[in-house]
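coords_24.cif, holding mmCIF, C-alpha atoms and all ligand atoms:
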```
data_run
loop_
_atom_site.label_atom_id
_atom_site.label_comp_id
_atom_site.auth_asym_id
_atom_site.auth_seq_id
_atom_site.Cartn_x
_atom_site.Cartn_y
_atom_site.Cartn_z
CA MET G 1 -112.12 -50.00 -137.54
CA THR G 2 -114.64 -49.28 -140.31
CA ARG G 3 -118.21 -50.54 -140.24
CA ASP G 4 -117.34 -52.99 -143.05
CA GLU G 5 -114.36 -54.36 -141.12
CA ARG G 6 -116.47 -54.75 -137.98
CA ARG G 7 -119.11 -56.71 -139.86
CA VAL G 8 -116.63 -59.46 -140.80
CA SER G 9 -114.29 -59.45 -137.81
CA SER G 10 -116.67 -60.55 -135.04
CA SER G 11 -115.94 -63.76 -133.18
CA GLN G 12 -118.89 -65.22 -135.06
CA VAL G 13 -117.12 -64.96 -138.40
CA VAL G 14 -114.42 -67.61 -138.40
CA ASN G 15 -114.84 -69.42 -141.70
CA ILE G 16 -116.19 -68.89 -145.22
CA ALA G 17 -119.61 -70.31 -144.31
CA ASP G 18 -119.87 -67.54 -141.69
CA VAL G 19 -118.93 -64.90 -144.28
CA ARG G 20 -121.55 -66.40 -146.59
CA ARG G 21 -124.19 -65.92 -143.87
CA VAL G 22 -123.24 -62.25 -143.49
CA ALA G 23 -123.51 -61.82 -147.27
CA GLN G 24 -126.89 -63.50 -147.27
CA ARG G 25 -128.18 -61.06 -144.65
CA ARG G 26 -126.82 -58.05 -146.52
CA LEU G 27 -127.75 -58.89 -150.11
CA PRO G 28 -131.25 -59.09 -151.59
CA PRO G 29 -132.05 -62.69 -152.62
CA VAL G 30 -131.74 -61.88 -156.34
CA ALA G 31 -128.09 -60.83 -155.85
CA PHE G 32 -127.17 -63.46 -153.25
CA ASP G 33 -128.58 -66.32 -155.34
CA TYR G 34 -126.69 -65.10 -158.41
CA VAL G 35 -123.47 -65.83 -156.52
CA ASP G 36 -124.61 -68.79 -154.44
CA GLY G 37 -126.49 -70.77 -157.06
CA GLY G 38 -125.46 -73.34 -159.65
CA ALA G 39 -126.94 -74.92 -162.76
CA ASP G 40 -129.98 -77.20 -162.91
CA GLY G 41 -130.18 -79.38 -159.78
CA GLU G 42 -126.86 -77.99 -158.48
CA VAL G 43 -125.55 -81.57 -158.31
CA THR G 44 -122.08 -80.68 -159.59
CA MET G 45 -121.91 -77.61 -157.37
CA ARG G 46 -122.51 -79.76 -154.29
CA ALA G 47 -120.16 -82.48 -155.61
CA ASN G 48 -117.33 -79.90 -155.80
CA ALA G 49 -117.58 -79.31 -152.06
CA ARG G 50 -118.16 -82.97 -151.20
CA ALA G 51 -115.08 -84.09 -153.14
CA PHE G 52 -112.87 -82.13 -150.75
CA GLN G 53 -114.51 -83.90 -147.81
CA GLU G 54 -113.95 -87.31 -149.41
CA VAL G 55 -110.18 -86.83 -149.78
CA THR G 56 -108.47 -87.47 -146.46
CA PHE G 57 -105.06 -86.38 -145.20
CA ARG G 58 -102.11 -88.63 -144.28
CA PRO G 59 -99.96 -86.40 -142.06
CA ARG G 60 -96.37 -86.98 -140.93
CA ASN G 61 -96.59 -86.41 -137.20
CA ALA G 62 -93.91 -85.99 -134.53
CA VAL G 63 -92.01 -83.55 -136.74
CA ALA G 64 -91.36 -79.88 -136.10
CA PRO G 65 -91.70 -78.08 -139.43
CA ASP G 66 -89.24 -75.26 -139.90
CA GLY G 67 -91.59 -72.33 -140.62
CA CYS G 68 -94.32 -72.46 -143.21
CA GLY G 69 -93.62 -71.22 -146.73
CA LEU G 70 -96.69 -70.51 -148.80
CA ARG G 71 -95.06 -68.62 -151.68
CA THR G 72 -95.23 -69.98 -155.18
CA THR G 73 -94.93 -68.91 -158.81
CA VAL G 74 -97.66 -69.60 -161.35
CA LEU G 75 -97.04 -68.85 -165.04
CA GLY G 76 -94.49 -66.26 -164.01
CA SER G 77 -96.74 -64.61 -161.40
CA GLU G 78 -95.29 -64.59 -157.89
CA LEU G 79 -98.00 -65.34 -155.34
CA ALA G 80 -97.80 -65.01 -151.55
CA MET G 81 -99.91 -68.17 -151.40
CA PRO G 82 -101.12 -70.57 -154.12
CA LEU G 83 -104.44 -68.80 -154.65
CA LEU G 84 -106.04 -66.54 -157.25
CA LEU G 85 -109.44 -64.88 -157.21
CA ALA G 86 -111.43 -66.52 -160.00
CA PRO G 87 -113.00 -64.36 -162.72
CA CYS G 88 -116.53 -63.48 -161.60
CA GLY G 89 -118.79 -61.44 -163.86
CA PHE G 90 -121.32 -58.82 -162.69
CA SER G 91 -119.33 -58.21 -159.46
CA ARG G 92 -120.57 -54.62 -159.35
CA LEU G 93 -124.06 -55.95 -158.70
CA ILE G 94 -122.77 -57.45 -155.45
CA HIS G 95 -120.91 -54.33 -154.30
CA PRO G 96 -120.54 -50.92 -155.98
CA GLN G 97 -116.75 -51.19 -155.76
CA GLY G 98 -116.92 -54.66 -157.37
CA GLU G 99 -113.73 -55.67 -159.15
CA ILE G 100 -111.86 -52.62 -157.80
CA ALA G 101 -112.41 -53.75 -154.20
CA ALA G 102 -111.57 -57.37 -154.95
CA ALA G 103 -108.43 -56.54 -156.96
CA ARG G 104 -107.23 -54.20 -154.21
CA ALA G 105 -107.71 -56.84 -151.49
CA ALA G 106 -106.01 -59.47 -153.66
CA GLY G 107 -103.03 -57.19 -154.28
CA LYS G 108 -102.61 -56.40 -150.59
CA ALA G 109 -102.70 -60.12 -149.75
CA GLY G 110 -100.29 -60.98 -152.57
CA VAL G 111 -102.69 -63.35 -154.32
CA GLY G 112 -103.60 -63.19 -158.01
CA PHE G 113 -106.69 -61.50 -159.42
CA VAL G 114 -108.36 -62.69 -162.61
CA LEU G 115 -110.58 -60.03 -164.17
CA SER G 116 -113.67 -61.29 -166.02
CA THR G 117 -114.63 -59.88 -169.41
CA ILE G 118 -118.04 -59.23 -167.80
CA SER G 119 -116.78 -56.30 -165.73
CA ALA G 120 -118.53 -52.95 -165.38
CA TYR G 121 -115.18 -51.28 -164.55
CA ARG G 122 -112.59 -50.39 -167.16
CA LEU G 123 -109.72 -52.85 -167.01
CA GLU G 124 -107.29 -49.91 -166.60
CA GLU G 125 -109.11 -48.85 -163.41
CA VAL G 126 -108.89 -52.38 -162.04
CA ALA G 127 -105.19 -52.53 -162.91
CA ALA G 128 -104.59 -49.23 -161.12
CA ALA G 129 -106.30 -50.57 -157.98
CA SER G 130 -104.30 -53.76 -157.92
CA SER G 131 -100.76 -53.99 -156.57
CA GLY G 132 -100.42 -57.72 -157.28
CA PRO G 133 -100.41 -60.18 -160.17
CA ARG G 134 -103.34 -59.75 -162.52
CA TRP G 135 -104.67 -61.95 -165.29
CA TYR G 136 -107.44 -61.26 -167.80
CA GLN G 137 -110.24 -63.72 -168.59
CA LEU G 138 -111.66 -63.72 -172.10
CA TYR G 139 -115.16 -64.38 -173.36
CA LEU G 140 -115.75 -63.66 -177.03
CA VAL G 141 -118.89 -61.60 -176.42
CA GLY G 142 -118.70 -59.01 -179.15
CA GLY G 143 -116.55 -61.33 -181.31
CA ARG G 144 -112.87 -61.08 -182.22
CA ALA G 145 -113.24 -57.45 -183.36
CA ALA G 146 -114.22 -56.41 -179.83
CA ALA G 147 -111.69 -58.73 -178.20
CA GLU G 148 -108.56 -57.61 -180.04
CA PRO G 149 -108.46 -54.00 -178.76
CA ALA G 150 -109.40 -55.21 -175.27
CA LEU G 151 -106.47 -57.64 -175.30
CA GLU G 152 -104.10 -54.88 -176.36
CA ARG G 153 -105.40 -52.66 -173.57
CA ALA G 154 -105.12 -55.50 -171.03
CA TRP G 155 -101.53 -56.28 -171.99
CA ARG G 156 -100.58 -52.58 -171.78
CA ALA G 157 -102.27 -52.32 -168.36
CA GLY G 158 -100.10 -55.12 -166.96
CA PHE G 159 -102.34 -58.18 -167.18
CA THR G 160 -99.75 -60.88 -167.78
CA VAL G 161 -101.72 -64.08 -168.40
CA LEU G 162 -104.81 -64.63 -170.55
CA ALA G 163 -107.37 -67.13 -169.22
CA ILE G 164 -109.67 -68.44 -171.92
CA THR G 165 -112.93 -69.92 -170.67
CA VAL G 166 -114.06 -72.81 -172.85
CA ASP G 167 -117.02 -74.29 -170.97
CA THR G 168 -119.67 -71.80 -172.09
CA ALA G 169 -120.92 -73.15 -175.43
CA THR G 170 -124.22 -71.82 -174.13
CA PHE G 171 -125.32 -70.27 -170.85
CA GLY G 172 -125.93 -72.71 -167.96
CA MET G 173 -129.48 -73.00 -166.63
CA ARG G 174 -129.29 -71.17 -163.31
CA GLU G 175 -132.74 -71.99 -162.03
CA ARG G 176 -132.55 -69.61 -159.07
CA ASP G 177 -131.72 -66.70 -161.39
CA VAL G 178 -134.65 -67.50 -163.65
CA ARG G 179 -137.08 -67.68 -160.74
CA ASN G 180 -135.68 -64.50 -159.21
CA GLY G 181 -135.75 -62.59 -162.51
CA ALA G 182 -132.04 -61.72 -162.27
CA ALA G 183 -131.95 -60.70 -165.95
CA VAL G 184 -134.65 -58.10 -165.26
CA LEU G 185 -132.57 -56.55 -162.49
CA VAL G 186 -129.63 -55.85 -164.82
CA GLY G 187 -131.90 -54.98 -167.77
CA ASN G 188 -133.29 -51.63 -168.91
CA ASN G 189 -136.98 -52.23 -168.31
CA LEU G 190 -137.59 -49.96 -165.33
CA PRO G 191 -141.29 -50.78 -164.72
CA ALA G 192 -140.46 -54.51 -164.65
CA LYS G 193 -138.09 -53.83 -161.76
CA ILE G 194 -141.01 -52.95 -159.47
CA ARG G 195 -141.17 -56.63 -158.49
CA PHE G 196 -137.85 -56.24 -156.64
CA LEU G 197 -139.04 -53.38 -154.45
CA PRO G 198 -139.87 -55.43 -151.31
CA GLN G 199 -136.56 -57.35 -151.26
CA LEU G 200 -134.54 -54.25 -152.10
CA LEU G 201 -136.19 -52.20 -149.36
CA ALA G 202 -135.48 -55.01 -146.91
CA HIS G 203 -131.74 -54.63 -147.69
CA PRO G 204 -131.16 -50.87 -147.35
CA GLY G 205 -127.35 -51.10 -147.08
CA TRP G 206 -127.05 -52.84 -150.42
CA LEU G 207 -129.80 -50.71 -151.99
CA ALA G 208 -128.14 -47.41 -151.03
CA GLY G 209 -124.91 -48.55 -152.71
CA PHE G 210 -126.72 -49.84 -155.80
CA LEU G 211 -128.68 -46.61 -156.29
CA ARG G 212 -125.65 -44.38 -155.72
CA ASP G 213 -123.72 -46.39 -158.27
CA GLY G 214 -124.85 -45.32 -161.70
CA GLY G 215 -122.09 -47.23 -163.49
CA MET G 216 -123.42 -50.72 -163.75
CA LEU G 217 -125.05 -50.46 -167.15
CA GLU G 218 -122.41 -51.38 -169.71
CA LEU G 219 -119.28 -53.42 -170.33
CA PRO G 220 -116.43 -50.91 -170.92
CA ASN G 221 -114.03 -53.68 -171.95
CA VAL G 222 -116.30 -54.98 -174.71
CA ILE G 223 -116.32 -52.17 -177.24
CA VAL G 224 -118.34 -53.34 -180.23
CA PRO G 225 -116.97 -51.63 -183.37
CA GLY G 226 -119.37 -48.99 -184.61
CA ARG G 227 -121.56 -49.31 -181.52
CA GLY G 228 -119.51 -48.65 -178.41
CA PRO G 229 -119.59 -50.51 -175.08
CA MET G 230 -121.94 -53.49 -174.96
CA PRO G 231 -124.92 -52.86 -172.65
CA LEU G 232 -124.74 -55.11 -169.60
CA ALA G 233 -128.25 -56.37 -170.27
CA GLU G 234 -127.02 -57.92 -173.53
CA ALA G 235 -124.26 -59.93 -171.86
CA PRO G 236 -126.23 -63.12 -171.06
CA SER G 237 -127.56 -63.50 -174.61
CA ALA G 238 -124.18 -62.54 -176.12
CA LEU G 239 -122.57 -65.23 -173.98
CA THR G 240 -124.75 -67.89 -175.54
CA ARG G 241 -123.29 -67.05 -178.97
CA SER G 242 -119.68 -66.64 -177.99
CA VAL G 243 -118.05 -70.04 -177.46
CA VAL G 244 -114.26 -70.00 -177.72
CA THR G 245 -113.01 -72.85 -179.93
CA TRP G 246 -109.64 -74.47 -180.61
CA GLU G 247 -109.42 -72.34 -183.81
CA ASP G 248 -109.76 -69.23 -181.66
CA LEU G 249 -106.87 -70.48 -179.54
CA ARG G 250 -104.59 -70.40 -182.58
CA TRP G 251 -105.61 -66.79 -183.24
CA LEU G 252 -105.15 -65.92 -179.55
CA ARG G 253 -101.61 -67.25 -179.58
CA LYS G 254 -100.84 -64.43 -182.00
CA ALA G 255 -103.08 -61.81 -180.39
CA TRP G 256 -101.69 -62.27 -176.83
CA PRO G 257 -97.96 -61.87 -176.18
CA GLY G 258 -98.03 -63.64 -172.79
CA PRO G 259 -98.95 -67.14 -171.59
CA LEU G 260 -102.41 -68.57 -172.28
CA ILE G 261 -104.29 -70.72 -169.78
CA VAL G 262 -107.42 -72.63 -170.75
CA LYS G 263 -110.17 -72.60 -168.11
CA GLY G 264 -112.86 -75.27 -168.05
CA ILE G 265 -110.89 -78.49 -168.63
CA LEU G 266 -112.33 -81.71 -167.15
CA THR G 267 -110.74 -84.54 -169.15
CA GLY G 268 -107.25 -85.70 -170.02
CA ASP G 269 -108.11 -85.48 -173.74
CA ASP G 270 -109.05 -81.80 -173.61
CA ALA G 271 -106.02 -81.06 -171.45
CA ARG G 272 -103.66 -82.62 -174.02
CA ARG G 273 -105.44 -80.73 -176.81
CA ALA G 274 -105.01 -77.44 -174.94
CA VAL G 275 -101.29 -78.09 -174.48
CA ASP G 276 -100.92 -79.09 -178.15
CA GLU G 277 -102.60 -75.81 -179.14
CA GLY G 278 -100.02 -73.87 -177.16
CA ALA G 279 -101.57 -73.36 -173.73
CA ALA G 280 -99.00 -72.87 -170.98
CA GLY G 281 -101.55 -73.91 -168.38
CA VAL G 282 -105.00 -75.40 -167.84
CA ILE G 283 -107.58 -74.79 -165.15
CA VAL G 284 -109.52 -77.88 -164.14
CA SER G 285 -112.94 -76.31 -163.64
CA ASN G 286 -116.64 -76.92 -164.07
CA HIS G 287 -117.37 -73.22 -163.62
CA GLY G 288 -118.35 -73.81 -160.01
CA GLY G 289 -121.18 -76.11 -161.14
CA ARG G 290 -122.80 -73.24 -163.04
CA GLN G 291 -122.64 -74.71 -166.55
CA LEU G 292 -123.19 -78.43 -167.37
CA ASP G 293 -124.72 -80.00 -164.29
CA GLY G 294 -123.78 -83.64 -163.80
CA VAL G 295 -120.08 -83.36 -164.64
CA ALA G 296 -117.53 -84.60 -162.13
CA ALA G 297 -116.30 -82.51 -159.23
CA SER G 298 -113.20 -80.56 -160.26
CA LEU G 299 -111.04 -82.18 -157.57
CA ARG G 300 -112.00 -85.61 -158.86
CA ALA G 301 -111.05 -84.65 -162.44
CA LEU G 302 -107.72 -83.17 -161.32
CA PRO G 303 -105.54 -86.34 -161.18
CA GLU G 304 -106.56 -87.38 -164.71
CA VAL G 305 -105.64 -83.95 -166.08
CA VAL G 306 -102.35 -83.82 -164.16
CA ALA G 307 -101.40 -87.22 -165.60
CA ALA G 308 -102.38 -86.23 -169.15
CA VAL G 309 -100.47 -82.95 -169.06
CA ASN G 310 -97.44 -84.81 -167.75
CA GLY G 311 -95.52 -81.72 -166.69
CA LYS G 312 -95.83 -79.95 -170.07
CA ALA G 313 -98.06 -77.19 -168.63
CA GLU G 314 -99.10 -75.86 -165.24
CA VAL G 315 -102.34 -77.26 -163.84
CA LEU G 316 -104.64 -75.18 -161.65
CA MET G 317 -108.10 -76.04 -160.38
CA ASP G 318 -111.21 -74.36 -159.03
CA GLY G 319 -114.60 -75.37 -157.69
CA GLY G 320 -115.67 -75.69 -154.07
CA VAL G 321 -112.59 -74.19 -152.41
CA GLN G 322 -113.78 -72.90 -149.03
CA ARG G 323 -110.96 -73.81 -146.64
CA GLY G 324 -107.18 -73.75 -146.54
CA GLY G 325 -107.30 -77.55 -146.16
CA ASP G 326 -109.06 -77.67 -149.55
CA ILE G 327 -106.16 -75.76 -151.11
CA ALA G 328 -103.70 -78.22 -149.53
CA LYS G 329 -105.63 -81.20 -150.90
CA ALA G 330 -105.66 -79.77 -154.43
CA LEU G 331 -101.90 -79.17 -154.20
CA CYS G 332 -101.34 -82.74 -152.98
CA LEU G 333 -103.20 -83.97 -156.08
CA GLY G 334 -100.96 -81.99 -158.42
CA ALA G 335 -102.46 -78.50 -158.72
CA ARG G 336 -99.94 -75.69 -158.73
CA ALA G 337 -102.52 -73.30 -157.29
CA VAL G 338 -106.27 -72.96 -156.94
CA LEU G 339 -108.82 -70.28 -157.73
CA ALA G 340 -111.72 -69.35 -155.48
CA GLY G 341 -114.92 -67.78 -156.81
CA ARG G 342 -117.81 -67.80 -154.39
CA ALA G 343 -115.60 -67.65 -151.29
CA TYR G 344 -114.41 -64.14 -152.15
CA MET G 345 -117.71 -63.06 -153.69
CA TYR G 346 -119.34 -63.76 -150.32
CA GLY G 347 -116.71 -61.49 -148.77
CA LEU G 348 -117.43 -58.81 -151.35
CA GLY G 349 -121.16 -59.02 -150.64
CA ALA G 350 -120.64 -59.01 -146.89
CA ALA G 351 -118.30 -56.02 -146.65
CA GLY G 352 -116.66 -54.98 -149.92
CA GLU G 353 -112.85 -54.84 -149.84
CA ALA G 354 -112.78 -55.55 -146.08
CA GLY G 355 -114.86 -58.68 -146.68
CA VAL G 356 -112.54 -59.98 -149.40
CA ALA G 357 -109.54 -59.21 -147.19
CA ARG G 358 -111.14 -61.17 -144.34
CA VAL G 359 -111.75 -64.17 -146.62
CA LEU G 360 -108.14 -64.11 -147.77
CA ALA G 361 -106.87 -63.87 -144.19
CA ILE G 362 -109.03 -66.84 -143.16
CA LEU G 363 -107.80 -68.95 -146.08
CA ARG G 364 -104.19 -68.00 -145.46
CA ALA G 365 -104.26 -68.88 -141.76
CA ASP G 366 -106.13 -72.09 -142.58
CA LEU G 367 -103.61 -73.17 -145.21
CA GLU G 368 -100.66 -72.37 -142.98
CA ARG G 369 -102.18 -74.50 -140.22
CA ALA G 370 -102.99 -77.41 -142.57
CA VAL G 371 -99.49 -77.47 -144.06
CA THR G 372 -97.88 -77.36 -140.62
CA LEU G 373 -100.15 -80.09 -139.24
CA LEU G 374 -99.26 -82.26 -142.25
CA GLY G 375 -95.65 -82.02 -141.12
CA CYS G 376 -94.45 -79.84 -144.00
CA SER G 377 -92.53 -76.59 -143.89
CA SER G 378 -93.70 -75.33 -147.29
CA VAL G 379 -96.40 -75.90 -149.88
CA GLY G 380 -93.71 -77.17 -152.24
CA GLU G 381 -93.40 -80.32 -150.09
CA LEU G 382 -97.04 -81.36 -150.58
CA ASN G 383 -97.55 -84.38 -152.81
CA ARG G 384 -99.82 -87.36 -153.46
CA SER G 385 -98.43 -89.26 -150.45
CA TYR G 386 -100.16 -86.80 -148.08
CA VAL G 387 -103.71 -87.77 -149.14
CA ASP G 388 -105.92 -90.78 -149.67
CA ILE G 389 -108.50 -90.59 -152.41
CA PRO G 390 -111.70 -92.66 -152.41
CA ALA G 391 -111.62 -96.04 -154.15
CA GLY G 392 -113.06 -95.60 -157.61
CA TRP G 393 -111.56 -92.19 -158.30
CA PRO G 394 -109.32 -92.19 -161.35
CA SER G 395 -105.89 -91.61 -159.87
CA GLN G 396 -103.20 -91.58 -162.53
CA SER G 397 -104.06 -92.37 -166.11
CA SER G 398 -106.75 -91.06 -168.46
C1 LIG B 401 -120.91 -65.06 -159.43
C2 LIG B 401 -120.00 -65.80 -160.35
C3 LIG B 401 -119.68 -65.26 -161.59
C4 LIG B 401 -118.81 -65.94 -162.45
N1 LIG B 401 -118.42 -65.35 -163.63
C5 LIG B 401 -117.48 -65.94 -164.40
C6 LIG B 401 -116.95 -65.27 -165.53
O1 LIG B 401 -117.32 -64.14 -165.85
N2 LIG B 401 -116.00 -65.93 -166.26
C7 LIG B 401 -115.54 -67.19 -165.92
O2 LIG B 401 -114.67 -67.73 -166.62
N3 LIG B 401 -116.01 -67.81 -164.83
C8 LIG B 401 -116.95 -67.23 -164.06
N4 LIG B 401 -117.38 -67.85 -162.91
C9 LIG B 401 -116.78 -69.14 -162.52
C10 LIG B 401 -115.55 -68.89 -161.64
O3 LIG B 401 -114.51 -68.28 -162.37
C11 LIG B 401 -115.02 -70.19 -161.01
O4 LIG B 401 -114.80 -71.12 -162.04
C12 LIG B 401 -115.97 -70.78 -159.98
O5 LIG B 401 -116.58 -69.76 -159.22
C13 LIG B 401 -115.21 -71.70 -159.03
O6 LIG B 401 -116.05 -72.31 -158.12
P1 LIG B 401 -116.32 -71.76 -156.63
O7 LIG B 401 -117.29 -70.64 -156.79
O8 LIG B 401 -116.94 -72.92 -155.94
O9 LIG B 401 -115.00 -71.31 -156.06
C14 LIG B 401 -118.28 -67.19 -162.06
C15 LIG B 401 -118.61 -67.71 -160.81
C16 LIG B 401 -119.45 -67.04 -159.96
C17 LIG B 401 -119.76 -67.63 -158.61
#
```

What does the file become when written as structure tokens?
Ligand SMILES: Cc1cc2nc3c(=O)[nH]c(=O)nc-3n(C[C@H](O)[C@H](O)[C@H](O)COP(=O)(O)O)c2cc1C
Amino acid sequence: MTRDERRVSSSQVVNIADVRRVAQRRLPPVAFDYVDGGADGEVTMRANARAFQEVTFRPRNAVAPDGCGLRTTVLGSELAMPLLLAPCGFSRLIHPQGEIAAARAAGKAGVGFVLSTISAYRLEEVAAASSGPRWYQLYLVGGRAAAEPALERAWRAGFTVLAITVDTATFGMRERDVRNGAAVLVGNNLPAKIRFLPQLLAHPGWLAGFLRDGGMLELPNVIVPGRGPMPLAEAPSALTRSVVTWEDLRWLRKAWPGPLIVKGILTGDDARRAVDEGAAGVIVSNHGGRQLDGVAASLRALPEVVAAVNGKAEVLMDGGVQRGGDIAKALCLGARAVLAGRAYMYGLGAAGEAGVARVLAILRADLERAVTLLGCSSVGELNRSYVDIPAGWPSQSS
């Protein structure tokens, strides 16, 4: 067993909160808070988790389920369980193997991997590391001229679905990142980085990896015409000028040969608009509470979106998924699959690929147990009758 595997396989690491604690010990605060934090007062981030607690199960007991099937198909991608790793930018800051490690673990577990535009690895390298379904997530940093060649490369490299994130009209106010000076850490001003010395020295495992890894300085999938790869330090400000609009969606329908899925939908109206503009799927998401604080928990918005889409597109959700039971609840409320962001990023920070693999094993065992205890023999049997939602939640119409 490797040192990484040992770190996440002790009897003290049984759920995602335990993995989070290991990551917190291993990462300097500036890196840990980048993953762990949300926008403003983090009200929506906490609401995402609380919403799962507020939905309760209605099991069918005294039945003996015949096995437990977790397989499903999402927009043509066959998944061993209804889970994808959500696109997470700057992953290489958390572990030098970043997206490579996460994509490899996802492939081995048979779950999907969604590569963020904000990746410091070439998308071809990530594709080569992944043996499973892979999707590409688009931000228009660098504009359409930078996006078009990247989309061609992504399609050629076997990314089959394009996820378009639409909830970033500007960058969310991540207060922890501002206080910690996260932008300075990824910037080019070396003297300014002196402030990090104490916390970096206190985390030698992470520091050794960070220093050995010279590659985290640019975005090799955002090639700005006439300039080359966008420097990583420019990404946050470029993001504030790069909102994807409905007009862009029309262009993307031509630029991308495969299915499009719109990420960041919270209302029935936007869901219908996305479907009318040609999206084959929508992801109910508030960006993990990292953008507009004060919006509803994703799980709470899910039934309205499912009703509005009315079977014309596939509906996924993310935000707050930390247990297999959470996945089951989202499926009961109409999601075809869920995405997890922080859960796997904690694994990455705790132990690289081994940490992500451990997170996926925990979620898989959890989900299998939840489905069986509900009295079902496959995830396909889950439906609205297996949960109660709190009074006051919109349940069907929008
Ligand atoms: C560290 C981090 C980086 C993220 N980067 C991106 C990104 O580059 N593109 C994107 O569409 N969403 C990004 N997200 C949002 C996730 O894709 C996802 O919506 C969110 O993490 C789900 O909530 P959860 O973390 O509670 O699972 C990021 C989230 C985190 C935690």

Note to self: Which residue is closest to ligand LIG 401 (chain B)? Choose from G:Ala102, G:Ile283, G:Val178, G:Ala146 and count all atoms listed in the file.
What the structure shows: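 Under the stated criterion, the closest residue is G:Ile283.
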
Check: Residues at most 10 Å from range 34-41 of chain G, counting only C-alpha atoms, excluding those fewer than 3 positions away in the same chain, as a ChimeraX atom specification?
Finding: /G:20,24,29-31,44-46,88-91,93-94,171-178,180,182,287-294,341-343,345-346,349

Please give the centre and size of the box around ligand LIG 401 (chain B) (axis-aligned, containing every atom listed in the file, 6 Å added per side), with values in Å to one decimal and written as AutoDock Vina command-line options.
```
--center_x -117.7 --center_y -68.5 --center_z -161.3 --size_x 18.4 --size_y 20.8 --size_z 22.7
```

Check: What is the distance between CA of Phe196 in chain G and CA of Gly181 in chain G, in Å to one decimal?
Finding: 8.9 Å

Using all atoms listed in the file, what table do you get, as CSV, when you list each residue of range 246-315 of chain G with an atom no more than 10 Å from range 330-337 of chain G, its nearest pair of atoms, and their distance in Å rounded to one decimal, rows by chain then rising number?
```
residue,atom,partner,partner_atom,distance
G:Gly281,CA,G:Arg336,CA,9.9
G:Val282,CA,G:Ala335,CA,10.0
G:Ile283,CA,G:Ala335,CA,9.0
G:Val284,CA,G:Ala335,CA,8.9
G:Ser298,CA,G:Ala330,CA,9.6
G:Leu299,CA,G:Ala330,CA,6.7
G:Arg300,CA,G:Leu333,CA,9.4
G:Leu302,CA,G:Leu333,CA,7.0
G:Pro303,CA,G:Leu333,CA,6.1
G:Glu304,CA,G:Leu333,CA,9.9
G:Val305,CA,G:Gly334,CA,9.2
G:Val306,CA,G:Gly334,CA,6.2
G:Ala307,CA,G:Gly334,CA,8.9
G:Gly311,CA,G:Gly334,CA,9.9
G:Glu314,CA,G:Arg336,CA,6.6
G:Val315,CA,G:Ala335,CA,5.3
```

Notebook entry, point to check: Which residues come within 9 Å of Ala157 in chain G, counting only C-alpha atoms, excluding same-chain residues fewer than 3 positions away, as a VMD selection string?
Noted result: chain G and resid 123 to 124 127 to 128 152 to 154 160
